[in-house]
Amino acid sequence: MNLGLMLDAMVVLPSGVGLTLTLTVLSLTAGFLVSVPLAFMRAFGRPGLSLAVLSYTYVIRGTPMLVQLFLLYYGLGQIQAVRASIFWVILRDPFWCALLTFSLNSAAHTTEILCRGLQSVPKGVTEAATSLGLKRFQIARLVTFPIAFRISLPAYGNEVVGMIKGSSLASTVTLLEITGMARQMVSTTFAPYEIFIVAGAIYLSLTSIAVKAIQLLERWLSTDGNRVHRRKARLRPPLPDPEITTPLP
């Protein structure tokens, strides 16, 4: 094992961390924004809408993300109508193709995760909110979704970790993120063992940070409500002691 080469890799490969995090954060953000309305349609929508969302998630979750990326980057470019359209400005760029693929993939997985969380919300909670006069949108925004998000957070943490690791597929379309930088170094040094050990260690560090952040968020969400109730209890003035009176004979 060449320790000097590993030290060189520890200097070069971190330059791809920025692109890895950019792809991961943007795809998770876009996927989450798309998945929220899709999850409500999947859980509470009409049968036709629910079936349409199920078809989308079934196809995306059932096919490899690498195949989806190749279809977007290499496949659509073979269609003359696509090359002549305004979308070709985006689809010819490997960054946007990778971001679109990762976002669609993350949206499909997050939709099913949030759908299970929405279906796990007790009906008594929504019925109580309805009895208070809240509208359907208010119930979804203030009651149903916050509870479903807390329920779904552990599973969504797995999606975050999976997307960090899945971003390595961007190297197959010439993007120089961590894996792309590692492959470039291997092509010049012919030493894949040492270089990919360093690349794996960088990915392990990123996923460990993500797991710790999700755990802290879970802990904060689980204790935030209790902390608010305790604070209100301390600020609430004590009730006066009831006076015991005896009736006159």
# chains A, B, ... in the order shown; residues from 1 in each chain; ligands from 1

call {"tool": "residues_around", "arguments": {"residues": "region 52-67 of chain A", "least_positions_apart": "4", "cutoff": "9 Å", "atoms": "only C-alpha atoms", "output": "mmCIF file with C-alpha atoms, in the first residue's frame"}}
result
data_model
loop_
_atom_site.group_PDB
_atom_site.id
_atom_site.type_symbol
_atom_site.label_atom_id
_atom_site.label_comp_id
_atom_site.auth_asym_id
_atom_site.auth_seq_id
_atom_site.Cartn_x
_atom_site.Cartn_y
_atom_site.Cartn_z
ATOM 1 C CA LEU A 38 -47.686 13.625 -4.353
ATOM 2 C CA ALA A 39 -47.780 11.942 -0.940
ATOM 3 C CA MET A 41 -52.522 12.470 -3.479
ATOM 4 C CA ARG A 42 -51.147 8.988 -2.934
ATOM 5 C CA PRO A 47 -58.321 6.450 -6.968
ATOM 6 C CA GLY A 48 -57.209 7.785 -10.344
ATOM 7 C CA LEU A 71 -31.726 7.362 -20.456
ATOM 8 C CA LEU A 72 -31.784 11.090 -19.749
ATOM 9 C CA THR A 101 -32.425 12.188 -12.345
ATOM 10 C CA PHE A 102 -31.544 12.380 -8.665
ATOM 11 C CA LEU A 104 -37.024 12.418 -9.656
ATOM 12 C CA ASN A 105 -35.580 9.402 -7.855
ATOM 13 C CA ALA A 107 -39.158 12.380 -5.043
ATOM 14 C CA ALA A 108 -40.408 8.853 -5.727
ATOM 15 C CA HIS A 109 -38.824 7.383 -2.602
ATOM 16 C CA THR A 111 -43.418 10.152 -1.674
ATOM 17 C CA GLU A 112 -43.809 6.593 -0.444
ATOM 18 C CA GLY A 166 -25.996 7.615 -5.066
ATOM 19 C CA LEU A 169 -23.225 7.902 -10.229
ATOM 20 C CA ALA A 170 -22.712 11.439 -11.523
ATOM 21 C CA THR A 172 -20.510 8.253 -15.175
#

call {"tool": "closest_residue", "arguments": {"among": "A:Thr179, A:Gln184, A:Thr126, A:Ser168", "to": "Leu69 (chain A)", "atoms": "only C-alpha atoms"}}
result
A:Ser168

call {"tool": "residues_around", "arguments": {"residues": "Arg183 (chain A)", "least_positions_apart": "3", "cutoff": "9 Å", "atoms": "only C-alpha atoms", "output": "ChimeraX atom specification"}}
result
/A:171,176,178-180,186-188,192,195-196

call {"tool": "atom_distance", "arguments": {"atom1": "CA of Ile151 (chain A)", "atom2": "CA of Gly117 (chain A)"}}
result
5.6 Å

call {"tool": "closest_residue", "arguments": {"among": "A:Gly200, A:Ala191, A:Ile147, A:Thr207", "to": "Gly4 (chain A)", "atoms": "only C-alpha atoms"}}
result
A:Ala191

call {"tool": "closest_residue", "arguments": {"among": "A:Leu221, A:Val25, A:Leu216, A:Val11", "to": "Ile164 (chain A)", "atoms": "only C-alpha atoms"}}
result
A:Val25

call {"tool": "select_by_dssp", "arguments": {"residues": "region 82-242 of chain A", "states": "alpha helix (DSSP H)", "output": "PyMOL selection string"}}
result
chain A and resi 82-84+88-91+94-119+123-131+136-139+145-166+178-189+192-235

call {"tool": "atom_distance", "arguments": {"atom1": "CA of Phe137 (chain A)", "atom2": "CA of Phe40 (chain A)"}}
result
11.0 Å

call {"tool": "residues_around", "arguments": {"residues": "Pro14 (chain A)", "least_positions_apart": "5", "cutoff": "9 Å", "atoms": "only C-alpha atoms", "output": "ChimeraX atom specification"}}
result
/A:9,177-178,181,199,202

call {"tool": "write_last_selection", "arguments": {"atoms": "C-alpha atoms", "output": "PDB file, in the first residue's frame"}}
result
ATOM      1  CA  ALA A   9      -5.610  11.484  -2.684  1.00  0.00           C
ATOM      2  CA  GLU A 177     -17.418  14.878  -7.842  1.00  0.00           C
ATOM      3  CA  ILE A 178     -15.662  12.621  -5.334  1.00  0.00           C
ATOM      4  CA  MET A 181     -11.993  12.810  -9.077  1.00  0.00           C
ATOM      5  CA  ALA A 199     -12.849   8.062  -1.489  1.00  0.00           C
ATOM      6  CA  ILE A 202     -14.807  10.574   2.577  1.00  0.00           C
TER       7      ILE A 202
END

call {"tool": "closest_residue", "arguments": {"among": "A:Thr29, A:Gln215, A:Gln68, A:Ser222", "to": "Pro146 (chain A)", "atoms": "only C-alpha atoms"}}
result
A:Ser222

call {"tool": "atom_distance", "arguments": {"atom1": "CA of Arg150 (chain A)", "atom2": "CA of Leu132 (chain A)"}}
result
22.9 Å

call {"tool": "closest_residue", "arguments": {"among": "A:Pro122, A:Gly133, A:Gly16, A:Pro37", "to": "Ser167 (chain A)", "atoms": "only C-alpha atoms"}}
result
A:Gly16

call {"tool": "closest_residue", "arguments": {"among": "A:Thr110, A:Met185, A:Leu217, A:Leu99", "to": "Leu21 (chain A)", "atoms": "only C-alpha atoms"}}
result
A:Leu99

call {"tool": "decode", "arguments": {"residues": "region 68-117 of chain A", "atoms": "N, CA and C atoms", "output": "PDB file, in the first residue's frame"}}
result
ATOM      1  N   GLN A  68     -31.714   5.208 -15.308  1.00  0.00           N
ATOM      2  CA  GLN A  68     -32.464   6.447 -15.494  1.00  0.00           C
ATOM      3  C   GLN A  68     -31.548   7.586 -15.938  1.00  0.00           C
ATOM      4  N   LEU A  69     -30.362   7.655 -15.343  1.00  0.00           N
ATOM      5  CA  LEU A  69     -29.410   8.702 -15.719  1.00  0.00           C
ATOM      6  C   LEU A  69     -28.946   8.530 -17.157  1.00  0.00           C
ATOM      7  N   PHE A  70     -28.671   7.309 -17.571  1.00  0.00           N
ATOM      8  CA  PHE A  70     -28.244   7.066 -18.945  1.00  0.00           C
ATOM      9  C   PHE A  70     -29.358   7.376 -19.944  1.00  0.00           C
ATOM     10  N   LEU A  71     -30.609   7.059 -19.566  1.00  0.00           N
ATOM     11  CA  LEU A  71     -31.726   7.362 -20.456  1.00  0.00           C
ATOM     12  C   LEU A  71     -31.875   8.865 -20.671  1.00  0.00           C
ATOM     13  N   LEU A  72     -31.670   9.641 -19.614  1.00  0.00           N
ATOM     14  CA  LEU A  72     -31.784  11.090 -19.749  1.00  0.00           C
ATOM     15  C   LEU A  72     -30.601  11.683 -20.505  1.00  0.00           C
ATOM     16  N   TYR A  73     -29.393  11.244 -20.146  1.00  0.00           N
ATOM     17  CA  TYR A  73     -28.200  11.893 -20.689  1.00  0.00           C
ATOM     18  C   TYR A  73     -27.866  11.392 -22.101  1.00  0.00           C
ATOM     19  N   TYR A  74     -27.948  10.085 -22.298  1.00  0.00           N
ATOM     20  CA  TYR A  74     -27.588   9.524 -23.595  1.00  0.00           C
ATOM     21  C   TYR A  74     -28.807   9.256 -24.485  1.00  0.00           C
ATOM     22  N   GLY A  75     -29.917   8.826 -23.853  1.00  0.00           N
ATOM     23  CA  GLY A  75     -31.069   8.415 -24.651  1.00  0.00           C
ATOM     24  C   GLY A  75     -31.822   9.558 -25.283  1.00  0.00           C
ATOM     25  N   LEU A  76     -32.140  10.610 -24.496  1.00  0.00           N
ATOM     26  CA  LEU A  76     -32.936  11.713 -25.038  1.00  0.00           C
ATOM     27  C   LEU A  76     -32.192  12.478 -26.118  1.00  0.00           C
ATOM     28  N   GLY A  77     -30.859  12.453 -26.056  1.00  0.00           N
ATOM     29  CA  GLY A  77     -30.091  13.148 -27.078  1.00  0.00           C
ATOM     30  C   GLY A  77     -30.198  12.514 -28.450  1.00  0.00           C
ATOM     31  N   GLN A  78     -30.709  11.281 -28.512  1.00  0.00           N
ATOM     32  CA  GLN A  78     -30.873  10.615 -29.801  1.00  0.00           C
ATOM     33  C   GLN A  78     -32.169  11.020 -30.505  1.00  0.00           C
ATOM     34  N   ILE A  79     -33.028  11.738 -29.798  1.00  0.00           N
ATOM     35  CA  ILE A  79     -34.307  12.148 -30.366  1.00  0.00           C
ATOM     36  C   ILE A  79     -34.167  13.552 -30.945  1.00  0.00           C
ATOM     37  N   GLN A  80     -34.449  13.674 -32.226  1.00  0.00           N
ATOM     38  CA  GLN A  80     -34.274  14.956 -32.908  1.00  0.00           C
ATOM     39  C   GLN A  80     -35.194  16.024 -32.336  1.00  0.00           C
ATOM     40  N   ALA A  81     -36.423  15.646 -31.966  1.00  0.00           N
ATOM     41  CA  ALA A  81     -37.363  16.628 -31.413  1.00  0.00           C
ATOM     42  C   ALA A  81     -36.851  17.205 -30.106  1.00  0.00           C
ATOM     43  N   VAL A  82     -36.170  16.399 -29.302  1.00  0.00           N
ATOM     44  CA  VAL A  82     -35.617  16.893 -28.038  1.00  0.00           C
ATOM     45  C   VAL A  82     -34.474  17.853 -28.295  1.00  0.00           C
ATOM     46  N   ARG A  83     -33.608  17.515 -29.250  1.00  0.00           N
ATOM     47  CA  ARG A  83     -32.478  18.399 -29.562  1.00  0.00           C
ATOM     48  C   ARG A  83     -32.935  19.723 -30.152  1.00  0.00           C
ATOM     49  N   ALA A  84     -34.110  19.730 -30.779  1.00  0.00           N
ATOM     50  CA  ALA A  84     -34.622  20.966 -31.371  1.00  0.00           C
ATOM     51  C   ALA A  84     -35.462  21.787 -30.397  1.00  0.00           C
ATOM     52  N   SER A  85     -35.750  21.232 -29.226  1.00  0.00           N
ATOM     53  CA  SER A  85     -36.606  21.924 -28.265  1.00  0.00           C
ATOM     54  C   SER A  85     -35.783  22.800 -27.337  1.00  0.00           C
ATOM     55  N   ILE A  86     -36.501  23.609 -26.548  1.00  0.00           N
ATOM     56  CA  ILE A  86     -35.828  24.486 -25.587  1.00  0.00           C
ATOM     57  C   ILE A  86     -35.239  23.705 -24.420  1.00  0.00           C
ATOM     58  N   PHE A  87     -35.693  22.464 -24.225  1.00  0.00           N
ATOM     59  CA  PHE A  87     -35.190  21.664 -23.122  1.00  0.00           C
ATOM     60  C   PHE A  87     -33.778  21.139 -23.386  1.00  0.00           C
ATOM     61  N   TRP A  88     -33.328  21.209 -24.621  1.00  0.00           N
ATOM     62  CA  TRP A  88     -32.005  20.689 -24.944  1.00  0.00           C
ATOM     63  C   TRP A  88     -30.908  21.496 -24.265  1.00  0.00           C
ATOM     64  N   VAL A  89     -31.189  22.760 -23.958  1.00  0.00           N
ATOM     65  CA  VAL A  89     -30.206  23.580 -23.249  1.00  0.00           C
ATOM     66  C   VAL A  89     -29.871  22.965 -21.895  1.00  0.00           C
ATOM     67  N   ILE A  90     -30.865  22.351 -21.258  1.00  0.00           N
ATOM     68  CA  ILE A  90     -30.657  21.714 -19.961  1.00  0.00           C
ATOM     69  C   ILE A  90     -30.197  20.276 -20.123  1.00  0.00           C
ATOM     70  N   LEU A  91     -30.832  19.536 -21.019  1.00  0.00           N
ATOM     71  CA  LEU A  91     -30.563  18.111 -21.133  1.00  0.00           C
ATOM     72  C   LEU A  91     -29.201  17.795 -21.726  1.00  0.00           C
ATOM     73  N   ARG A  92     -28.568  18.750 -22.379  1.00  0.00           N
ATOM     74  CA  ARG A  92     -27.236  18.490 -22.914  1.00  0.00           C
ATOM     75  C   ARG A  92     -26.142  18.707 -21.874  1.00  0.00           C
ATOM     76  N   ASP A  93     -26.511  19.278 -20.734  1.00  0.00           N
ATOM     77  CA  ASP A  93     -25.550  19.538 -19.662  1.00  0.00           C
ATOM     78  C   ASP A  93     -25.573  18.365 -18.687  1.00  0.00           C
ATOM     79  N   PRO A  94     -24.444  17.719 -18.415  1.00  0.00           N
ATOM     80  CA  PRO A  94     -24.451  16.561 -17.505  1.00  0.00           C
ATOM     81  C   PRO A  94     -24.876  16.907 -16.089  1.00  0.00           C
ATOM     82  N   PHE A  95     -24.577  18.129 -15.637  1.00  0.00           N
ATOM     83  CA  PHE A  95     -24.981  18.506 -14.276  1.00  0.00           C
ATOM     84  C   PHE A  95     -26.493  18.506 -14.135  1.00  0.00           C
ATOM     85  N   TRP A  96     -27.191  19.125 -15.077  1.00  0.00           N
ATOM     86  CA  TRP A  96     -28.645  19.211 -14.984  1.00  0.00           C
ATOM     87  C   TRP A  96     -29.297  17.853 -15.203  1.00  0.00           C
ATOM     88  N   CYS A  97     -28.710  17.027 -16.059  1.00  0.00           N
ATOM     89  CA  CYS A  97     -29.244  15.672 -16.241  1.00  0.00           C
ATOM     90  C   CYS A  97     -29.121  14.871 -14.950  1.00  0.00           C
ATOM     91  N   ALA A  98     -27.964  14.962 -14.304  1.00  0.00           N
ATOM     92  CA  ALA A  98     -27.772  14.252 -13.039  1.00  0.00           C
ATOM     93  C   ALA A  98     -28.712  14.795 -11.966  1.00  0.00           C
ATOM     94  N   LEU A  99     -28.833  16.114 -11.888  1.00  0.00           N
ATOM     95  CA  LEU A  99     -29.708  16.710 -10.877  1.00  0.00           C
ATOM     96  C   LEU A  99     -31.160  16.315 -11.110  1.00  0.00           C
ATOM     97  N   LEU A 100     -31.613  16.321 -12.364  1.00  0.00           N
ATOM     98  CA  LEU A 100     -32.993  15.933 -12.669  1.00  0.00           C
ATOM     99  C   LEU A 100     -33.230  14.467 -12.327  1.00  0.00           C
ATOM    100  N   THR A 101     -32.279  13.614 -12.659  1.00  0.00           N
ATOM    101  CA  THR A 101     -32.425  12.188 -12.345  1.00  0.00           C
ATOM    102  C   THR A 101     -32.481  11.956 -10.844  1.00  0.00           C
ATOM    103  N   PHE A 102     -31.571  12.563 -10.119  1.00  0.00           N
ATOM    104  CA  PHE A 102     -31.544  12.380  -8.665  1.00  0.00           C
ATOM    105  C   PHE A 102     -32.802  12.950  -8.008  1.00  0.00           C
ATOM    106  N   SER A 103     -33.289  14.079  -8.521  1.00  0.00           N
ATOM    107  CA  SER A 103     -34.487  14.690  -7.939  1.00  0.00           C
ATOM    108  C   SER A 103     -35.714  13.817  -8.153  1.00  0.00           C
ATOM    109  N   LEU A 104     -35.891  13.295  -9.374  1.00  0.00           N
ATOM    110  CA  LEU A 104     -37.024  12.418  -9.656  1.00  0.00           C
ATOM    111  C   LEU A 104     -36.947  11.148  -8.822  1.00  0.00           C
ATOM    112  N   ASN A 105     -35.748  10.611  -8.653  1.00  0.00           N
ATOM    113  CA  ASN A 105     -35.580   9.402  -7.855  1.00  0.00           C
ATOM    114  C   ASN A 105     -35.873   9.668  -6.386  1.00  0.00           C
ATOM    115  N   SER A 106     -35.348  10.778  -5.863  1.00  0.00           N
ATOM    116  CA  SER A 106     -35.608  11.126  -4.468  1.00  0.00           C
ATOM    117  C   SER A 106     -37.081  11.422  -4.228  1.00  0.00           C
ATOM    118  N   ALA A 107     -37.737  12.076  -5.188  1.00  0.00           N
ATOM    119  CA  ALA A 107     -39.158  12.380  -5.043  1.00  0.00           C
ATOM    120  C   ALA A 107     -39.987  11.110  -4.955  1.00  0.00           C
ATOM    121  N   ALA A 108     -39.648  10.104  -5.750  1.00  0.00           N
ATOM    122  CA  ALA A 108     -40.408   8.853  -5.727  1.00  0.00           C
ATOM    123  C   ALA A 108     -40.259   8.147  -4.385  1.00  0.00           C
ATOM    124  N   HIS A 109     -39.037   8.051  -3.880  1.00  0.00           N
ATOM    125  CA  HIS A 109     -38.824   7.383  -2.602  1.00  0.00           C
ATOM    126  C   HIS A 109     -39.451   8.170  -1.451  1.00  0.00           C
ATOM    127  N   THR A 110     -39.287   9.496  -1.468  1.00  0.00           N
ATOM    128  CA  THR A 110     -39.835  10.312  -0.386  1.00  0.00           C
ATOM    129  C   THR A 110     -41.355  10.312  -0.408  1.00  0.00           C
ATOM    130  N   THR A 111     -41.955  10.222  -1.578  1.00  0.00           N
ATOM    131  CA  THR A 111     -43.418  10.152  -1.674  1.00  0.00           C
ATOM    132  C   THR A 111     -43.951   8.945  -0.920  1.00  0.00           C
ATOM    133  N   GLU A 112     -43.348   7.797  -1.136  1.00  0.00           N
ATOM    134  CA  GLU A 112     -43.809   6.593  -0.444  1.00  0.00           C
ATOM    135  C   GLU A 112     -43.526   6.662   1.044  1.00  0.00           C
ATOM    136  N   ILE A 113     -42.404   7.266   1.426  1.00  0.00           N
ATOM    137  CA  ILE A 113     -42.084   7.409   2.851  1.00  0.00           C
ATOM    138  C   ILE A 113     -43.118   8.296   3.539  1.00  0.00           C
ATOM    139  N   LEU A 114     -43.403   9.463   2.948  1.00  0.00           N
ATOM    140  CA  LEU A 114     -44.382  10.371   3.551  1.00  0.00           C
ATOM    141  C   LEU A 114     -45.789   9.802   3.490  1.00  0.00           C
ATOM    142  N   CYS A 115     -46.084   9.037   2.446  1.00  0.00           N
ATOM    143  CA  CYS A 115     -47.409   8.420   2.335  1.00  0.00           C
ATOM    144  C   CYS A 115     -47.661   7.484   3.511  1.00  0.00           C
ATOM    145  N   ARG A 116     -46.661   6.678   3.846  1.00  0.00           N
ATOM    146  CA  ARG A 116     -46.817   5.781   5.003  1.00  0.00           C
ATOM    147  C   ARG A 116     -46.969   6.582   6.292  1.00  0.00           C
ATOM    148  N   GLY A 117     -46.260   7.694   6.396  1.00  0.00           N
ATOM    149  CA  GLY A 117     -46.415   8.536   7.576  1.00  0.00           C
ATOM    150  C   GLY A 117     -47.783   9.173   7.664  1.00  0.00           C
TER     151      GLY A 117
END
